[in-house]
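Student: I'm passing along entry_33.pdb; it holds PDB, C-alpha atoms and all ligand atoms.
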```pdb
ATOM      1  CA  MET A1303     -62.173  -0.904 -26.416  1.00  0.00           C
ATOM      2  CA  VAL A1304     -60.048  -3.701 -24.981  1.00  0.00           C
ATOM      3  CA  LYS A1305     -61.022  -7.098 -26.346  1.00  0.00           C
ATOM      4  CA  LEU A1306     -62.257  -9.799 -23.983  1.00  0.00           C
ATOM      5  CA  SER A1307     -60.118 -12.918 -23.668  1.00  0.00           C
ATOM      6  CA  GLY A1308     -61.326 -16.469 -24.096  1.00  0.00           C
ATOM      7  CA  ASN A1309     -62.470 -16.525 -20.478  1.00  0.00           C
ATOM      8  CA  ASN A1310     -64.603 -13.397 -21.075  1.00  0.00           C
ATOM      9  CA  LYS A1311     -62.361 -11.454 -18.754  1.00  0.00           C
ATOM     10  CA  ILE A1312     -59.794  -8.751 -19.339  1.00  0.00           C
ATOM     11  CA  ASN A1313     -56.484 -10.318 -18.367  1.00  0.00           C
ATOM     12  CA  LEU A1314     -54.319  -7.775 -16.601  1.00  0.00           C
ATOM     13  CA  ALA A1315     -50.589  -7.806 -15.997  1.00  0.00           C
ATOM     14  CA  ILE A1316     -49.625  -5.504 -13.139  1.00  0.00           C
ATOM     15  CA  PHE A1317     -46.010  -4.304 -12.951  1.00  0.00           C
ATOM     16  CA  ILE A1318     -44.748  -3.335  -9.503  1.00  0.00           C
ATOM     17  CA  SER A1319     -41.531  -2.507  -7.667  1.00  0.00           C
ATOM     18  CA  GLY A1320     -42.598  -2.167  -4.047  1.00  0.00           C
ATOM     19  CA  ARG A1321     -45.466  -1.745  -1.628  1.00  0.00           C
ATOM     20  CA  GLY A1322     -48.308  -2.694  -3.960  1.00  0.00           C
ATOM     21  CA  THR A1323     -51.288  -0.763  -2.581  1.00  0.00           C
ATOM     22  CA  ASN A1324     -52.493  -0.055  -6.115  1.00  0.00           C
ATOM     23  CA  LEU A1325     -52.114  -3.728  -6.991  1.00  0.00           C
ATOM     24  CA  LYS A1326     -54.241  -4.538  -3.945  1.00  0.00           C
ATOM     25  CA  SER A1327     -56.951  -2.056  -4.867  1.00  0.00           C
ATOM     26  CA  ILE A1328     -57.139  -3.371  -8.444  1.00  0.00           C
ATOM     27  CA  PHE A1329     -57.259  -6.923  -7.072  1.00  0.00           C
ATOM     28  CA  ASN A1330     -60.101  -6.099  -4.661  1.00  0.00           C
ATOM     29  CA  PHE A1331     -62.004  -4.388  -7.453  1.00  0.00           C
ATOM     30  CA  SER A1332     -61.498  -7.408  -9.722  1.00  0.00           C
ATOM     31  CA  LYS A1333     -63.052  -9.644  -7.067  1.00  0.00           C
ATOM     32  CA  LYS A1334     -66.320  -7.706  -6.991  1.00  0.00           C
ATOM     33  CA  LYS A1335     -69.403  -9.461  -8.288  1.00  0.00           C
ATOM     34  CA  ASN A1336     -69.687  -9.394 -12.115  1.00  0.00           C
ATOM     35  CA  SER A1337     -66.233  -7.899 -12.540  1.00  0.00           C
ATOM     36  CA  ILE A1338     -64.662  -8.494 -15.931  1.00  0.00           C
ATOM     37  CA  LEU A1339     -61.139  -7.824 -14.663  1.00  0.00           C
ATOM     38  CA  ASN A1340     -58.747 -10.623 -13.849  1.00  0.00           C
ATOM     39  CA  ILE A1341     -55.187 -10.128 -12.631  1.00  0.00           C
ATOM     40  CA  LYS A1342     -53.402 -12.858 -14.525  1.00  0.00           C
ATOM     41  CA  LEU A1343     -49.824 -11.861 -13.826  1.00  0.00           C
ATOM     42  CA  VAL A1344     -47.736  -9.665 -11.545  1.00  0.00           C
ATOM     43  CA  ILE A1345     -44.253  -8.646 -12.664  1.00  0.00           C
ATOM     44  CA  SER A1346     -41.710  -7.140 -10.299  1.00  0.00           C
ATOM     45  CA  ASP A1347     -38.184  -5.910 -10.907  1.00  0.00           C
ATOM     46  CA  ASN A1348     -37.611  -6.133  -7.148  1.00  0.00           C
ATOM     47  CA  LYS A1349     -37.355  -9.518  -5.466  1.00  0.00           C
ATOM     48  CA  PHE A1350     -38.346  -8.037  -2.112  1.00  0.00           C
ATOM     49  CA  ALA A1351     -41.383  -6.051  -3.264  1.00  0.00           C
ATOM     50  CA  LYS A1352     -44.154  -6.266  -0.687  1.00  0.00           C
ATOM     51  CA  GLY A1353     -46.619  -6.604  -3.533  1.00  0.00           C
ATOM     52  CA  LEU A1354     -45.106  -9.994  -4.338  1.00  0.00           C
ATOM     53  CA  GLU A1355     -46.045 -11.290  -0.876  1.00  0.00           C
ATOM     54  CA  PHE A1356     -49.578 -10.127  -1.555  1.00  0.00           C
ATOM     55  CA  SER A1357     -49.591 -11.897  -4.943  1.00  0.00           C
ATOM     56  CA  LYS A1358     -48.413 -15.107  -3.314  1.00  0.00           C
ATOM     57  CA  LYS A1359     -51.077 -14.867  -0.624  1.00  0.00           C
ATOM     58  CA  LYS A1360     -53.814 -14.305  -3.185  1.00  0.00           C
ATOM     59  CA  LYS A1361     -52.473 -17.027  -5.488  1.00  0.00           C
ATOM     60  CA  ILE A1362     -51.828 -14.656  -8.377  1.00  0.00           C
ATOM     61  CA  ASP A1363     -49.088 -15.772 -10.775  1.00  0.00           C
ATOM     62  CA  TYR A1364     -46.073 -13.573 -10.216  1.00  0.00           C
ATOM     63  CA  LYS A1365     -42.610 -13.272 -11.612  1.00  0.00           C
ATOM     64  CA  PHE A1366     -39.514 -11.441 -10.466  1.00  0.00           C
ATOM     65  CA  VAL A1367     -37.608 -10.209 -13.510  1.00  0.00           C
ATOM     66  CA  LYS A1368     -34.069  -8.911 -13.010  1.00  0.00           C
ATOM     67  CA  PHE A1369     -33.568  -5.647 -14.863  1.00  0.00           C
ATOM     68  CA  ASN A1370     -29.764  -5.452 -14.896  1.00  0.00           C
ATOM     69  CA  LYS A1371     -29.941  -6.182 -18.618  1.00  0.00           C
ATOM     70  CA  LYS A1372     -33.014  -4.306 -19.775  1.00  0.00           C
ATOM     71  CA  LYS A1373     -33.233  -5.814 -23.264  1.00  0.00           C
ATOM     72  CA  ILE A1374     -33.210  -9.342 -21.870  1.00  0.00           C
ATOM     73  CA  ALA A1375     -35.676  -8.442 -19.113  1.00  0.00           C
ATOM     74  CA  GLU A1376     -38.102  -6.891 -21.578  1.00  0.00           C
ATOM     75  CA  TYR A1377     -37.777  -9.863 -23.923  1.00  0.00           C
ATOM     76  CA  LYS A1378     -38.667 -12.235 -21.056  1.00  0.00           C
ATOM     77  CA  ILE A1379     -41.665 -10.116 -20.111  1.00  0.00           C
ATOM     78  CA  LEU A1380     -42.904  -9.990 -23.710  1.00  0.00           C
ATOM     79  CA  LYS A1381     -42.815 -13.795 -23.826  1.00  0.00           C
ATOM     80  CA  LEU A1382     -44.740 -14.032 -20.545  1.00  0.00           C
ATOM     81  CA  ILE A1383     -47.349 -11.557 -21.716  1.00  0.00           C
ATOM     82  CA  GLU A1384     -47.885 -13.542 -24.858  1.00  0.00           C
ATOM     83  CA  SER A1385     -48.097 -16.913 -23.138  1.00  0.00           C
ATOM     84  CA  LYS A1386     -50.488 -15.630 -20.459  1.00  0.00           C
ATOM     85  CA  GLN A1387     -52.713 -13.932 -23.052  1.00  0.00           C
ATOM     86  CA  ILE A1388     -52.532 -10.586 -21.337  1.00  0.00           C
ATOM     87  CA  ASP A1389     -54.930  -7.927 -22.649  1.00  0.00           C
ATOM     88  CA  LEU A1390     -53.815  -4.848 -20.730  1.00  0.00           C
ATOM     89  CA  ILE A1391     -50.708  -3.791 -18.788  1.00  0.00           C
ATOM     90  CA  CYS A1392     -50.950  -1.602 -15.691  1.00  0.00           C
ATOM     91  CA  LEU A1393     -47.849  -0.095 -14.131  1.00  0.00           C
ATOM     92  CA  ALA A1394     -48.405   0.400 -10.416  1.00  0.00           C
ATOM     93  CA  GLY A1395     -45.336   1.840  -8.760  1.00  0.00           C
ATOM     94  CA  PHE A1396     -43.065   0.190 -11.329  1.00  0.00           C
ATOM     95  CA  MET A1397     -39.733   2.014 -11.126  1.00  0.00           C
ATOM     96  CA  LYS A1398     -38.251   1.036 -14.477  1.00  0.00           C
ATOM     97  CA  ILE A1399     -38.765   2.943 -17.719  1.00  0.00           C
ATOM     98  CA  LEU A1400     -39.986   0.649 -20.485  1.00  0.00           C
ATOM     99  CA  SER A1401     -38.345   1.054 -23.879  1.00  0.00           C
ATOM    100  CA  GLY A1402     -40.132   2.196 -27.026  1.00  0.00           C
ATOM    101  CA  ASN A1403     -39.369  -1.228 -28.434  1.00  0.00           C
ATOM    102  CA  PHE A1404     -41.224  -2.923 -25.556  1.00  0.00           C
ATOM    103  CA  ILE A1405     -44.197  -0.597 -25.889  1.00  0.00           C
ATOM    104  CA  LYS A1406     -44.431  -1.320 -29.612  1.00  0.00           C
ATOM    105  CA  LYS A1407     -43.804  -5.054 -29.430  1.00  0.00           C
ATOM    106  CA  SER A1408     -46.317  -5.673 -26.631  1.00  0.00           C
ATOM    107  CA  LYS A1409     -49.072  -4.340 -28.933  1.00  0.00           C
ATOM    108  CA  LEU A1410     -51.032  -3.619 -25.760  1.00  0.00           C
ATOM    109  CA  LYS A1411     -52.284  -0.518 -24.057  1.00  0.00           C
ATOM    110  CA  ILE A1412     -50.086   0.297 -21.072  1.00  0.00           C
ATOM    111  CA  LEU A1413     -51.391   2.403 -18.184  1.00  0.00           C
ATOM    112  CA  ASN A1414     -49.483   4.101 -15.385  1.00  0.00           C
ATOM    113  CA  ILE A1415     -50.419   5.928 -12.205  1.00  0.00           C
ATOM    114  CA  HIS A1416     -48.481   9.010 -11.189  1.00  0.00           C
ATOM    115  CA  PRO A1417     -48.744  10.960  -7.922  1.00  0.00           C
ATOM    116  CA  SER A1418     -49.246  14.451  -9.349  1.00  0.00           C
ATOM    117  CA  LEU A1419     -51.628  16.385 -11.524  1.00  0.00           C
ATOM    118  CA  LEU A1420     -49.829  15.774 -14.806  1.00  0.00           C
ATOM    119  CA  PRO A1421     -48.469  17.503 -16.846  1.00  0.00           C
ATOM    120  CA  LYS A1422     -47.171  19.088 -13.649  1.00  0.00           C
ATOM    121  CA  TYR A1423     -44.388  17.320 -11.732  1.00  0.00           C
ATOM    122  CA  LYS A1424     -43.339  14.482 -13.981  1.00  0.00           C
ATOM    123  CA  GLY A1425     -40.706  12.154 -12.546  1.00  0.00           C
ATOM    124  CA  LEU A1426     -39.783  11.566  -8.912  1.00  0.00           C
ATOM    125  CA  ASN A1427     -40.342  13.456  -5.628  1.00  0.00           C
ATOM    126  CA  THR A1428     -43.587  15.026  -6.760  1.00  0.00           C
ATOM    127  CA  HIS A1429     -44.944  15.873  -3.287  1.00  0.00           C
ATOM    128  CA  ILE A1430     -41.972  17.873  -2.025  1.00  0.00           C
ATOM    129  CA  ARG A1431     -41.882  19.838  -5.293  1.00  0.00           C
ATOM    130  CA  ALA A1432     -45.600  20.629  -5.134  1.00  0.00           C
ATOM    131  CA  ILE A1433     -45.325  21.784  -1.492  1.00  0.00           C
ATOM    132  CA  LYS A1434     -42.197  23.885  -2.147  1.00  0.00           C
ATOM    133  CA  ASN A1435     -43.914  25.580  -5.070  1.00  0.00           C
ATOM    134  CA  LYS A1436     -46.824  26.463  -2.766  1.00  0.00           C
ATOM    135  CA  GLU A1437     -49.335  24.684  -4.973  1.00  0.00           C
ATOM    136  CA  LYS A1438     -52.900  24.822  -3.683  1.00  0.00           C
ATOM    137  CA  PHE A1439     -53.727  21.399  -5.093  1.00  0.00           C
ATOM    138  CA  SER A1440     -52.028  18.170  -5.929  1.00  0.00           C
ATOM    139  CA  GLY A1441     -53.463  14.794  -6.876  1.00  0.00           C
ATOM    140  CA  CYS A1442     -52.887  11.812  -9.081  1.00  0.00           C
ATOM    141  CA  THR A1443     -53.176  10.886 -12.723  1.00  0.00           C
ATOM    142  CA  VAL A1444     -53.722   7.648 -14.607  1.00  0.00           C
ATOM    143  CA  HIS A1445     -52.320   7.956 -18.115  1.00  0.00           C
ATOM    144  CA  PHE A1446     -51.225   5.905 -21.078  1.00  0.00           C
ATOM    145  CA  VAL A1447     -47.549   5.059 -21.298  1.00  0.00           C
ATOM    146  CA  ASN A1448     -45.616   6.262 -24.307  1.00  0.00           C
ATOM    147  CA  LYS A1449     -41.927   6.739 -25.010  1.00  0.00           C
ATOM    148  CA  LYS A1450     -41.728   9.981 -23.014  1.00  0.00           C
ATOM    149  CA  LEU A1451     -41.761   9.764 -19.218  1.00  0.00           C
ATOM    150  CA  ASP A1452     -45.181  10.529 -17.658  1.00  0.00           C
ATOM    151  CA  SER A1453     -46.325  12.172 -20.876  1.00  0.00           C
ATOM    152  CA  GLY A1454     -48.970   9.886 -22.431  1.00  0.00           C
ATOM    153  CA  LYS A1455     -52.635  10.787 -22.859  1.00  0.00           C
ATOM    154  CA  ILE A1456     -54.446  11.363 -19.563  1.00  0.00           C
ATOM    155  CA  ILE A1457     -57.243   8.917 -18.699  1.00  0.00           C
ATOM    156  CA  LEU A1458     -58.345  10.079 -15.246  1.00  0.00           C
ATOM    157  CA  GLN A1459     -57.210  12.607 -12.661  1.00  0.00           C
ATOM    158  CA  LYS A1460     -58.259  13.474  -9.150  1.00  0.00           C
ATOM    159  CA  LYS A1461     -57.331  16.512  -7.079  1.00  0.00           C
ATOM    160  CA  VAL A1462     -56.596  16.892  -3.363  1.00  0.00           C
ATOM    161  CA  LYS A1463     -56.138  20.138  -1.482  1.00  0.00           C
ATOM    162  CA  ILE A1464     -52.701  20.990  -0.113  1.00  0.00           C
ATOM    163  CA  ASN A1465     -53.205  22.442   3.364  1.00  0.00           C
ATOM    164  CA  LYS A1466     -51.049  25.178   4.906  1.00  0.00           C
ATOM    165  CA  ASN A1467     -49.236  22.792   7.230  1.00  0.00           C
ATOM    166  CA  GLU A1468     -49.076  19.916   4.750  1.00  0.00           C
ATOM    167  CA  THR A1469     -46.027  17.635   4.978  1.00  0.00           C
ATOM    168  CA  VAL A1470     -44.656  15.263   2.360  1.00  0.00           C
ATOM    169  CA  ASN A1471     -45.936  12.376   4.489  1.00  0.00           C
ATOM    170  CA  SER A1472     -49.443  13.702   4.931  1.00  0.00           C
ATOM    171  CA  LEU A1473     -49.726  14.621   1.252  1.00  0.00           C
ATOM    172  CA  GLU A1474     -48.413  11.230   0.177  1.00  0.00           C
ATOM    173  CA  LYS A1475     -51.036   9.498   2.329  1.00  0.00           C
ATOM    174  CA  LYS A1476     -53.843  11.652   0.955  1.00  0.00           C
ATOM    175  CA  VAL A1477     -52.772  11.163  -2.649  1.00  0.00           C
ATOM    176  CA  LEU A1478     -52.260   7.418  -2.227  1.00  0.00           C
ATOM    177  CA  MET A1479     -55.822   7.069  -0.943  1.00  0.00           C
ATOM    178  CA  ILE A1480     -57.222   8.607  -4.107  1.00  0.00           C
ATOM    179  CA  GLU A1481     -54.757   6.696  -6.298  1.00  0.00           C
ATOM    180  CA  ASN A1482     -56.155   3.454  -4.928  1.00  0.00           C
ATOM    181  CA  LYS A1483     -59.683   4.684  -5.671  1.00  0.00           C
ATOM    182  CA  ILE A1484     -59.187   5.902  -9.221  1.00  0.00           C
ATOM    183  CA  TYR A1485     -56.878   3.263 -10.696  1.00  0.00           C
ATOM    184  CA  PRO A1486     -59.574   0.568 -11.065  1.00  0.00           C
ATOM    185  CA  LEU A1487     -61.991   3.210 -12.390  1.00  0.00           C
ATOM    186  CA  ALA A1488     -59.454   4.346 -14.975  1.00  0.00           C
ATOM    187  CA  ILE A1489     -58.939   0.743 -16.070  1.00  0.00           C
ATOM    188  CA  MET A1490     -62.692   0.348 -16.522  1.00  0.00           C
ATOM    189  CA  LYS A1491     -62.824   3.598 -18.491  1.00  0.00           C
ATOM    190  CA  VAL A1492     -60.222   2.217 -20.915  1.00  0.00           C
ATOM    191  CA  VAL A1493     -61.853  -1.213 -21.073  1.00  0.00           C
ATOM    192  CA  LYS A1494     -65.299   0.173 -21.829  1.00  0.00           C
ATOM    193  CA  SER A1495     -64.444   2.967 -24.178  1.00  0.00           C
ATOM    194  CA  ASN A1496     -62.502   3.483 -27.342  1.00  0.00           C
ATOM    195  CA  PHE A1497     -59.913   5.503 -25.499  1.00  0.00           C
TER     196      PHE A1497
HETATM  197  C1  LIG B   1     -47.646   5.443  -6.130  1.00  0.00           C
HETATM  198  O1  LIG B   1     -47.560   6.672  -5.467  1.00  0.00           O
HETATM  199  C2  LIG B   1     -47.673   5.642  -7.627  1.00  0.00           C
HETATM  200  O2  LIG B   1     -48.331   6.793  -8.024  1.00  0.00           O
HETATM  201  C3  LIG B   1     -46.206   5.749  -7.938  1.00  0.00           C
HETATM  202  O3  LIG B   1     -45.593   4.798  -7.094  1.00  0.00           O
HETATM  203  C4  LIG B   1     -46.401   4.598  -5.938  1.00  0.00           C
HETATM  204  C5  LIG B   1     -46.715   3.143  -5.859  1.00  0.00           C
HETATM  205  O4  LIG B   1     -47.420   2.792  -4.687  1.00  0.00           O
HETATM  206  N1  LIG B   1     -45.959   5.551  -9.348  1.00  0.00           N
HETATM  207  P1  LIG B   1     -47.918   1.318  -4.444  1.00  0.00           P
HETATM  208  O5  LIG B   1     -46.709   0.399  -4.621  1.00  0.00           O
HETATM  209  O6  LIG B   1     -48.997   0.997  -5.434  1.00  0.00           O
HETATM  210  O7  LIG B   1     -48.413   1.301  -3.027  1.00  0.00           O
END
```
Before we go any further, please render this structure as structure tokens.
Tutor:
Amino acid sequence: MVKLSGNNKINLAIFISGRGTNLKSIFNFSKKKNSILNIKLVISDNKFAKGLEFSKKKKIDYKFVKFNKKKIAEYKILKLIESKQIDLICLAGFMKILSGNFIKKSKLKILNIHPSLLPKYKGLNTHIRAIKNKEKFSGCTVHFVNKKLDSGKIILQKKVKINKNETVNSLEKKVLMIENKIYPLAIMKVVKSNF
């Protein structure tokens, strides 16, 4: 169970690097009536991430953190997380690998979304690998972040069918649609349970 903050909401920090469709879906979910989720902070390692424009538009606090020196970047983020009283971290298309030290020091649960049916296809270019291997299904997974890439405990998964004439583009679109659906649900699963 994730504890409620002073404002009776779960304060989320969302880490992004680009487009931000998952950020948007979590934001929309958090704006539903009686929602206990509140996006308190968006962190991006990319100054030009589209998700930062969205954050600005929606008046969410956001911060670009340069990652050329990872230790310094992570130290800055830890300070921000503490000062903003963040309860839960969600990686949503964040392209940097967080160190074991960061994971430990944050003392928070960290979630990530990955565009494959983990444990299959960890890492990058999941769709092309799934198509080349003639998989019948692909999908997405929300999991906890630990020291090993895409290897933490699975929280929620959803499958999609890979059609005969499937392309990387069409599969990416299909998977992204279900990613946007399940990420808020996975967050709620963690918030409500003792996961
Ligand atoms: C998603 O496919 C996610 O699974 C992967 O990066 C992509 C991010 O998309 N980790 P978006 O920025 O949330 O639109």
Student: Need the shell around stretch 1366-1375 of chain A: protein/DNA/RNA residues with any atom at most 7 Å away, counting all atoms listed in the file. Skip same-chain ones fewer than 5 positions apart. Format as a compact mmCIF listing (two decimals) with C-alpha atoms, in the frame of the given file?
Tutor:
```txt
# COMPACT_ATOMS: atom_id res chain seq x y z
CA ILE A 1345 -44.25 -8.65 -12.66
CA SER A 1346 -41.71 -7.14 -10.30
CA ASP A 1347 -38.18 -5.91 -10.91
CA ASN A 1348 -37.61 -6.13 -7.15
CA LYS A 1349 -37.35 -9.52 -5.47
```
Student: The PyMOL selection byres (((chain A and resi 1411) around 9) and not hetatm) - which residues does that actually catch in the file I just gave you? List them as an NGL selection string.
Tutor: :A and (1304 or 1389-1392 or 1405 or 1408-1410 or 1412-1413 or 1446-1447 or 1492)
Student: Using all atoms listed in the file, can you list as a list in words the residues within 9 Å of (-54.7, 4.1, -7.1)?
Tutor: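 Residues with an atom close enough to that point: Thr1323, Asn1324, Leu1325, Ser1327, Ile1328, Ala1394, Ile1415, His1416, Cys1442, Thr1443, Val1444, Val1477, Leu1478, Met1479, Ile1480, Glu1481, Asn1482, Lys1483, Ile1484, Tyr1485 and Pro1486 of chain A.
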Student: If you count all atoms listed in the file, which residues fall within 10 Å of A:Leu1354, apart from same-chain ones fewer than 4 positions away, as a list in words?
Tutor: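 Residues near the query, excluding close chain neighbours: Ile1318, Ser1319, Gly1320, Arg1321, Gly1322, Leu1325, Val1344, Ile1345, Ser1346, Asn1348, Lys1349, Phe1350, Lys1358, Lys1359, Lys1360, Ile1362, Asp1363, Tyr1364, Lys1365 and Phe1366 of chain A.
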Student: So how many Å separate atom O3 of ligand LIG 1 (chain B) and atom CA of A:Lys1466, to one decimal?
Tutor: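 According to the coordinates, atom O3 of ligand LIG 1 (chain B) and atom CA of A:Lys1466 are separated by 24.3 Å.
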Student: Report, in Å with one decimal, the straight-line distance from atom CA of A:Ile1464 to atom CA of A:Lys1326.
Tutor: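 Atom-to-atom, atom CA of A:Ile1464 and atom CA of A:Lys1326 are spaced 25.9 Å apart.
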Student: What is the distance between atom CA of A:Ser1401 and atom CA of A:Leu1426, in Å to one decimal?
Tutor: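 According to the coordinates, atom CA of A:Ser1401 and atom CA of A:Leu1426 are separated by 18.3 Å.
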Student: Using only C-alpha atoms and all ligand atoms, which of the listed residues (A:Lys1450, A:Lys1434, A:Lys1333, A:Lys1476) sits closest to ligand LIG 1 (chain B)?
Tutor: A:Lys1476
Student: Which of these, A:Gly1395, A:Gly1441, A:Gly1454, A:Gly1353, has the shortest distance to ligand LIG 1 (chain B) once you count all atoms listed in the file?
Tutor: A:Gly1395
Student: Let me know the residues the PyMOL selection byres (((chain A and resi 1436) around 12) and not hetatm) catches in the file above, as an NGL selection string.
Tutor: :A and (1429-1435 or 1437-1440 or 1463-1469)
Student: Looking at A:Leu1343, A:Leu1419, A:Leu1393, A:Ile1388, which one is nearest to A:Phe1317, with distances taken over all atoms listed in the file?
Tutor: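 Counting all atoms listed in the file, the residue closest to A:Phe1317 is A:Leu1393.
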Student: Up to 7 Å from (-56.8, -12.6, -10.7) in the file's coordinates: name the residues, counting only C-alpha atoms, as a PDB file with C-alpha atoms, in the frame of the given file.
Tutor:
```
ATOM      1  CA  PHE A1329     -57.259  -6.923  -7.072  1.00  0.00           C
ATOM      2  CA  ASN A1340     -58.747 -10.623 -13.849  1.00  0.00           C
ATOM      3  CA  ILE A1341     -55.187 -10.128 -12.631  1.00  0.00           C
ATOM      4  CA  LYS A1342     -53.402 -12.858 -14.525  1.00  0.00           C
ATOM      5  CA  ILE A1362     -51.828 -14.656  -8.377  1.00  0.00           C
TER       6      ILE A1362
END
```
Student: Using the file's own x, y and z axes, so that the box edges lie along x, y and z, what centre and edge lengths in Å (one decimal) does a box around every listed atom of ligand LIG 1 (chain B) get when 3 Å is added on each side? Give it as JSON.
Tutor:
```
{"center_x": -47.3, "center_y": 3.6, "center_z": -6.2, "size_x": 9.4, "size_y": 12.4, "size_z": 12.3}
```
Student: Which residues, written as a list in words, have at least one atom at most 12 Å from A:Asn1336, with only C-alpha atoms counted and residues fewer than 4 positions away on the same chain left out?
Tutor: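 Selected residues are Asn1310, Lys1311, Phe1331, Ser1332 and Asn1340 of chain A.
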Student: Run the PyMOL selection byres (((chain A and resi 1457) around 7) and not hetatm) against the file shown and list the residues it catches, as a list of chain:residue names.
Tutor: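 Output from the PyMOL selection byres (((chain A and resi 1457) around 7) and not hetatm), applied to this file: A:Val1444, A:His1445, A:Lys1455, A:Ile1456, A:Leu1458, A:Ala1488.
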Student: Could you check which of A:Ala1315, A:Lys1494, A:Lys1352, A:Leu1487 is closest to A:Ser1385, using only C-alpha atoms?
Tutor: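 Smallest distance to A:Ser1385 is found for A:Ala1315.
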Student: For stretch 1317-1334 of chain A, where the input has fewer atoms than it should, I would like N, CA and C atoms rebuilt and written as a compact mmCIF listing (two decimals), keeping the file's coordinate frame.
Tutor:
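In the end it all went to rebuild04.txt:
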```txt
# COMPACT_ATOMS: atom_id res chain seq x y z
N PHE A 1317 -47.46 -4.41 -13.17
CA PHE A 1317 -46.01 -4.30 -12.95
C PHE A 1317 -45.77 -3.48 -11.68
N ILE A 1318 -45.01 -4.03 -10.77
CA ILE A 1318 -44.75 -3.34 -9.50
C ILE A 1318 -43.25 -3.30 -9.19
N SER A 1319 -42.91 -2.48 -8.18
CA SER A 1319 -41.53 -2.51 -7.67
C SER A 1319 -41.51 -2.54 -6.14
N GLY A 1320 -42.65 -2.30 -5.50
CA GLY A 1320 -42.60 -2.17 -4.05
C GLY A 1320 -43.87 -2.56 -3.33
N ARG A 1321 -44.36 -1.59 -2.58
CA ARG A 1321 -45.47 -1.74 -1.63
C ARG A 1321 -46.71 -2.44 -2.17
N GLY A 1322 -47.20 -1.99 -3.31
CA GLY A 1322 -48.31 -2.69 -3.96
C GLY A 1322 -49.71 -2.34 -3.49
N THR A 1323 -49.91 -1.11 -2.99
CA THR A 1323 -51.29 -0.76 -2.58
C THR A 1323 -52.21 -0.62 -3.80
N ASN A 1324 -51.66 -0.16 -4.91
CA ASN A 1324 -52.49 -0.06 -6.12
C ASN A 1324 -52.82 -1.43 -6.67
N LEU A 1325 -51.85 -2.33 -6.59
CA LEU A 1325 -52.11 -3.73 -6.99
C LEU A 1325 -53.28 -4.29 -6.16
N LYS A 1326 -53.21 -4.03 -4.86
CA LYS A 1326 -54.24 -4.54 -3.94
C LYS A 1326 -55.61 -3.96 -4.29
N SER A 1327 -55.65 -2.67 -4.58
CA SER A 1327 -56.95 -2.06 -4.87
C SER A 1327 -57.52 -2.59 -6.19
N ILE A 1328 -56.65 -2.81 -7.17
CA ILE A 1328 -57.14 -3.37 -8.44
C ILE A 1328 -57.62 -4.82 -8.21
N PHE A 1329 -56.87 -5.54 -7.38
CA PHE A 1329 -57.26 -6.92 -7.07
C PHE A 1329 -58.64 -6.95 -6.39
N ASN A 1330 -58.81 -6.12 -5.37
CA ASN A 1330 -60.10 -6.10 -4.66
C ASN A 1330 -61.25 -5.74 -5.60
N PHE A 1331 -60.99 -4.78 -6.48
CA PHE A 1331 -62.00 -4.39 -7.45
C PHE A 1331 -62.33 -5.56 -8.39
N SER A 1332 -61.29 -6.30 -8.78
CA SER A 1332 -61.50 -7.41 -9.72
C SER A 1332 -62.28 -8.56 -9.09
N LYS A 1333 -62.34 -8.57 -7.76
CA LYS A 1333 -63.05 -9.64 -7.07
C LYS A 1333 -64.50 -9.29 -6.77
N LYS A 1334 -64.92 -8.09 -7.19
CA LYS A 1334 -66.32 -7.71 -6.99
C LYS A 1334 -67.20 -8.53 -7.92
```
